[in-house]
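Working notes, beginning with the structure itself.
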There are 2 protein chains.
Amino acid sequence: MAPESLPFDPIARAATLWGEHVGTPTVMAAVTSIMRVQQILQSAVDAALRPHGLTFARYEALVLLYFSRRGSLPMRVMGQRLQLHPTSVTNIVDRLEADGLVKRIPHPTDRRTTLVEITESGRERRLAATEAVTEVDFGLRGLTDRQTETLTELLAKVRRASGDFA
Amino acid sequence: MAPESLPFDPIARAATLWGEHVGTPTVMAAVTSIMRVQQILQSAVDAALRPHGLTFARYEALVLLYFSRRGSLPMRVMGQRLQLHPTSVTNIVDRLEADGLVKRIPHPTDRRTTLVEITESGRERRLAATEAVTEVDFGLRGLTDRQTETLTELLAKVRRASGDFA
DNA sequence: GACCGATAGTAGGATGTCCAACTAAATTTC
DNA sequence: GAAATTTAGTTGGACATCCTACTATCGGTC
């Protein structure tokens, strides 16, 4: 790659200037790239979902409930599956419930637990939203199917190394 | 990869179930992986920076100013380099200034423009913070140098396709 | 030289994320 | 069986991000 085509990544650039730590420049360039691409994807997906009154976070929650056996899950489980802090789950469910896409129902035996159930309206919304995000390929462009697979595999290594599959 | 070792990615799983859109499952698996890895890195970096009273966003801004010629930049330029909304720059600079790590100074000729200058305290903080983040390799683990480079190249393709280098 | 569109930055509001602390309920311990 | 511990969820606070709207200033045009 010609230097002219490189982005200005402050961290990556700093890495080049530091230079003393072997491998560090490479690492920082990768990290800033991931941060940027995540930002690009998030932005693209949110734009596609905005007309449907959803964000990616809420869309993911809706999809999760949709594909669950009973159409409902405890909030704790949602947090585990979506890798979210309990407070984030509370926040997301609050908004989905305000829109009538899900509803909180008490757990039949454990009174600590709250079940979140997708409503009929939620199912319809998920369908429309799914069409919108697949339409824009979730914002991921510029890669062949093969390259996309390679990307996923590399990221899986990182996730494994960080105990993401525990 | 054995199914047992796969993470529960609601979107990726949904993709498998949909199946009708060629290539879509691959894309979604990649997208959710990027989202997750970004989350892992963000978390690791923020944890390393917390003892130094910084977040990754503010650290990036500090590094950017540190490596600038005069140790100062217009806020507009900071936004371009860091790919941030003008209001995000305002927010970050507010906090850095409150901590005495940078200060706003008027532009000599253009009274619309505000220059942000790194202070001596800011330079010291950057050094300490840099040691902290390099110590943990920015949270990126599990890849060889070669694989890290490949990852960066793939992400660069995505960024190019999305006009990130414009 | 005055008007008018473009530009720089900020204010307010919405969303989402996390952490710390708290309440309520279940489970374990002794 | 009572006390201590663990677990589920919420509340309040801190950050960061974006968007819309606004003010101040610059520059080009007539």
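How things are named: the first chain in the structure tokens is A, the next is B, and so on; residues count from 1 in each chain; ligands count from 1 in the order shown.
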
#### Entry: Non-local contacts of DC3 of chain C (12 Å; only C-alpha atoms (C1' of nucleotides); under 5 positions in same chain excluded) as a PyMOL selection string
chain D and resi 27-30

Using only C-alpha atoms (C1' of nucleotides), tabulate the residues of chain D lying at most 10 Å from any atom of chain A, each with its closest atom pair and that distance in Å to one decimal, by chain and increasing residue number, as a tab-separated table.
```
residue	atom	partner	partner_atom	distance
D:DT7	C1'	A:Arg112	CA	8.3
D:DA8	C1'	A:Arg112	CA	5.4
D:DG9	C1'	A:Arg112	CA	7.5
D:DT10	C1'	A:Thr90	CA	7.6
D:DT11	C1'	A:Thr87	CA	9.4
D:DC18	C1'	A:Ser43	CA	9.4
```

Residues from last step as file, N, CA and C atoms (P, O5', C5', C4', C3', O3' and C1' of nucleotides), as a PDB file, in the first residue's frame:
```pdb
ATOM      1  P    DT D   7     -23.753 -16.980  42.237  1.00  0.00           P
ATOM      2  O5'  DT D   7     -25.217 -16.432  41.887  1.00  0.00           O
ATOM      3  C5'  DT D   7     -26.338 -17.256  42.114  1.00  0.00           C
ATOM      4  C4'  DT D   7     -27.603 -16.511  41.744  1.00  0.00           C
ATOM      5  C3'  DT D   7     -27.505 -15.710  40.449  1.00  0.00           C
ATOM      6  O3'  DT D   7     -28.645 -16.006  39.648  1.00  0.00           O
ATOM      7  C1'  DT D   7     -28.317 -14.343  42.185  1.00  0.00           C
ATOM      8  P    DA D   8     -28.840 -15.346  38.207  1.00  0.00           P
ATOM      9  O5'  DA D   8     -29.941 -14.244  38.491  1.00  0.00           O
ATOM     10  C5'  DA D   8     -31.245 -14.650  38.857  1.00  0.00           C
ATOM     11  C4'  DA D   8     -32.217 -13.491  38.688  1.00  0.00           C
ATOM     12  C3'  DA D   8     -32.000 -12.670  37.416  1.00  0.00           C
ATOM     13  O3'  DA D   8     -33.269 -12.367  36.844  1.00  0.00           O
ATOM     14  C1'  DA D   8     -31.740 -11.279  39.334  1.00  0.00           C
ATOM     15  P    DG D   9     -33.351 -11.614  35.440  1.00  0.00           P
ATOM     16  O5'  DG D   9     -33.504 -10.104  35.885  1.00  0.00           O
ATOM     17  C5'  DG D   9     -34.675  -9.732  36.627  1.00  0.00           C
ATOM     18  C4'  DG D   9     -34.486  -8.356  37.233  1.00  0.00           C
ATOM     19  C3'  DG D   9     -34.213  -7.242  36.237  1.00  0.00           C
ATOM     20  O3'  DG D   9     -35.398  -6.467  36.093  1.00  0.00           O
ATOM     21  C1'  DG D   9     -32.909  -7.042  38.238  1.00  0.00           C
ATOM     22  P    DT D  10     -35.410  -5.115  35.238  1.00  0.00           P
ATOM     23  O5'  DT D  10     -35.051  -4.006  36.323  1.00  0.00           O
ATOM     24  C5'  DT D  10     -35.816  -3.942  37.523  1.00  0.00           C
ATOM     25  C4'  DT D  10     -35.346  -2.790  38.402  1.00  0.00           C
ATOM     26  C3'  DT D  10     -35.224  -1.449  37.685  1.00  0.00           C
ATOM     27  O3'  DT D  10     -35.936  -0.465  38.429  1.00  0.00           O
ATOM     28  C1'  DT D  10     -33.213  -1.952  38.846  1.00  0.00           C
ATOM     29  P    DT D  11     -36.146   0.995  37.867  1.00  0.00           P
ATOM     30  O5'  DT D  11     -35.061   1.853  38.674  1.00  0.00           O
ATOM     31  C5'  DT D  11     -35.009   1.773  40.096  1.00  0.00           C
ATOM     32  C4'  DT D  11     -33.866   2.645  40.619  1.00  0.00           C
ATOM     33  C3'  DT D  11     -33.679   3.982  39.880  1.00  0.00           C
ATOM     34  O3'  DT D  11     -33.480   5.016  40.831  1.00  0.00           O
ATOM     35  C1'  DT D  11     -31.652   2.784  39.900  1.00  0.00           C
ATOM     36  P    DC D  18     -19.725   9.870  16.256  1.00  0.00           P
ATOM     37  O5'  DC D  18     -21.276  10.160  15.975  1.00  0.00           O
ATOM     38  C5'  DC D  18     -22.123   9.119  15.501  1.00  0.00           C
ATOM     39  C4'  DC D  18     -23.574   9.556  15.665  1.00  0.00           C
ATOM     40  C3'  DC D  18     -23.918  10.805  14.874  1.00  0.00           C
ATOM     41  O3'  DC D  18     -24.654  10.447  13.705  1.00  0.00           O
ATOM     42  C1'  DC D  18     -24.761  10.917  17.132  1.00  0.00           C
TER      43       DC D  18
END
```

### strand (DSSP E or B) positions in segment 34-119 of chain B, given as an MDAnalysis selection string
chainID B and resid 72:74 102:106 114:118

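Within 12 Å of chain B, and counting only C-alpha atoms (C1' of nucleotides), chain C contributes DT7, DA8, DG9, DT10, DA11, DG12, DT17, DC18 and DC19 of chain C.
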
Include N, CA and C atoms (P, O5', C5', C4', C3', O3' and C1' of nucleotides) and write out the residues we just selected as a compact mmCIF listing (two decimals), in the first residue's frame.
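Saved file result-v2.txt follows:
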```
# COMPACT_ATOMS: atom_id res chain seq x y z
P DT C 7 -18.36 24.65 3.37
O5' DT C 7 -17.87 25.27 4.75
C5' DT C 7 -16.86 26.26 4.76
C4' DT C 7 -16.49 26.61 6.18
C3' DT C 7 -16.30 25.41 7.10
O3' DT C 7 -15.09 25.58 7.82
C1' DT C 7 -17.79 26.95 8.08
P DA C 8 -14.57 24.48 8.88
O5' DA C 8 -14.90 25.19 10.26
C5' DA C 8 -14.17 26.35 10.65
C4' DA C 8 -14.32 26.60 12.14
C3' DA C 8 -14.20 25.34 13.00
O3' DA C 8 -13.46 25.64 14.18
C1' DA C 8 -16.35 26.32 13.29
P DG C 9 -13.07 24.44 15.21
O5' DG C 9 -14.25 24.56 16.26
C5' DG C 9 -14.35 25.75 17.04
C4' DG C 9 -15.69 25.81 17.75
C3' DG C 9 -15.97 24.67 18.71
O3' DG C 9 -15.87 25.17 20.04
C1' DG C 9 -17.90 25.29 17.43
P DT C 10 -16.22 24.22 21.29
O5' DT C 10 -17.76 24.54 21.52
C5' DT C 10 -18.19 25.88 21.66
C4' DT C 10 -19.68 25.94 21.95
C3' DT C 10 -20.15 25.01 23.08
O3' DT C 10 -20.98 25.75 23.96
C1' DT C 10 -21.43 24.64 21.12
P DA C 11 -21.54 25.11 25.29
O5' DA C 11 -23.07 24.84 24.94
C5' DA C 11 -23.90 25.92 24.51
C4' DA C 11 -25.35 25.45 24.43
C3' DA C 11 -25.75 24.50 25.55
O3' DA C 11 -27.09 24.80 25.96
C1' DA C 11 -26.04 23.43 23.45
P DG C 12 -27.77 24.04 27.17
O5' DG C 12 -28.73 22.99 26.45
C5' DG C 12 -29.63 23.43 25.43
C4' DG C 12 -30.44 22.27 24.90
C3' DG C 12 -30.82 21.22 25.95
O3' DG C 12 -32.14 20.78 25.69
C1' DG C 12 -29.63 20.18 24.21
P DT C 17 -25.82 -1.47 24.20
O5' DT C 17 -24.57 -1.33 25.16
C5' DT C 17 -23.32 -0.85 24.66
C4' DT C 17 -22.50 -0.34 25.82
C3' DT C 17 -22.63 -1.19 27.08
O3' DT C 17 -21.64 -2.20 27.10
C1' DT C 17 -22.55 1.15 27.55
P DC C 18 -21.63 -3.27 28.31
O5' DC C 18 -20.94 -2.51 29.54
C5' DC C 18 -19.56 -2.15 29.50
C4' DC C 18 -19.27 -1.18 30.64
C3' DC C 18 -19.43 -1.80 32.02
O3' DC C 18 -18.14 -2.11 32.54
C1' DC C 18 -20.49 0.36 31.90
P DC C 19 -18.01 -2.94 33.88
O5' DC C 19 -18.20 -1.85 35.03
C5' DC C 19 -17.41 -0.66 35.02
C4' DC C 19 -17.74 0.18 36.25
C3' DC C 19 -17.88 -0.64 37.53
O3' DC C 19 -17.16 -0.03 38.58
C1' DC C 19 -19.85 0.63 37.15
```

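Counting only C-alpha atoms, every residue of chain A that comes within 6 Å of chain B is listed here: Pro7, Pro10, Ala30, Met35, Gln38, Leu64, Arg141, Gly142, Thr152, Lys157, Val158, Ala161 and Phe165 of chain A.
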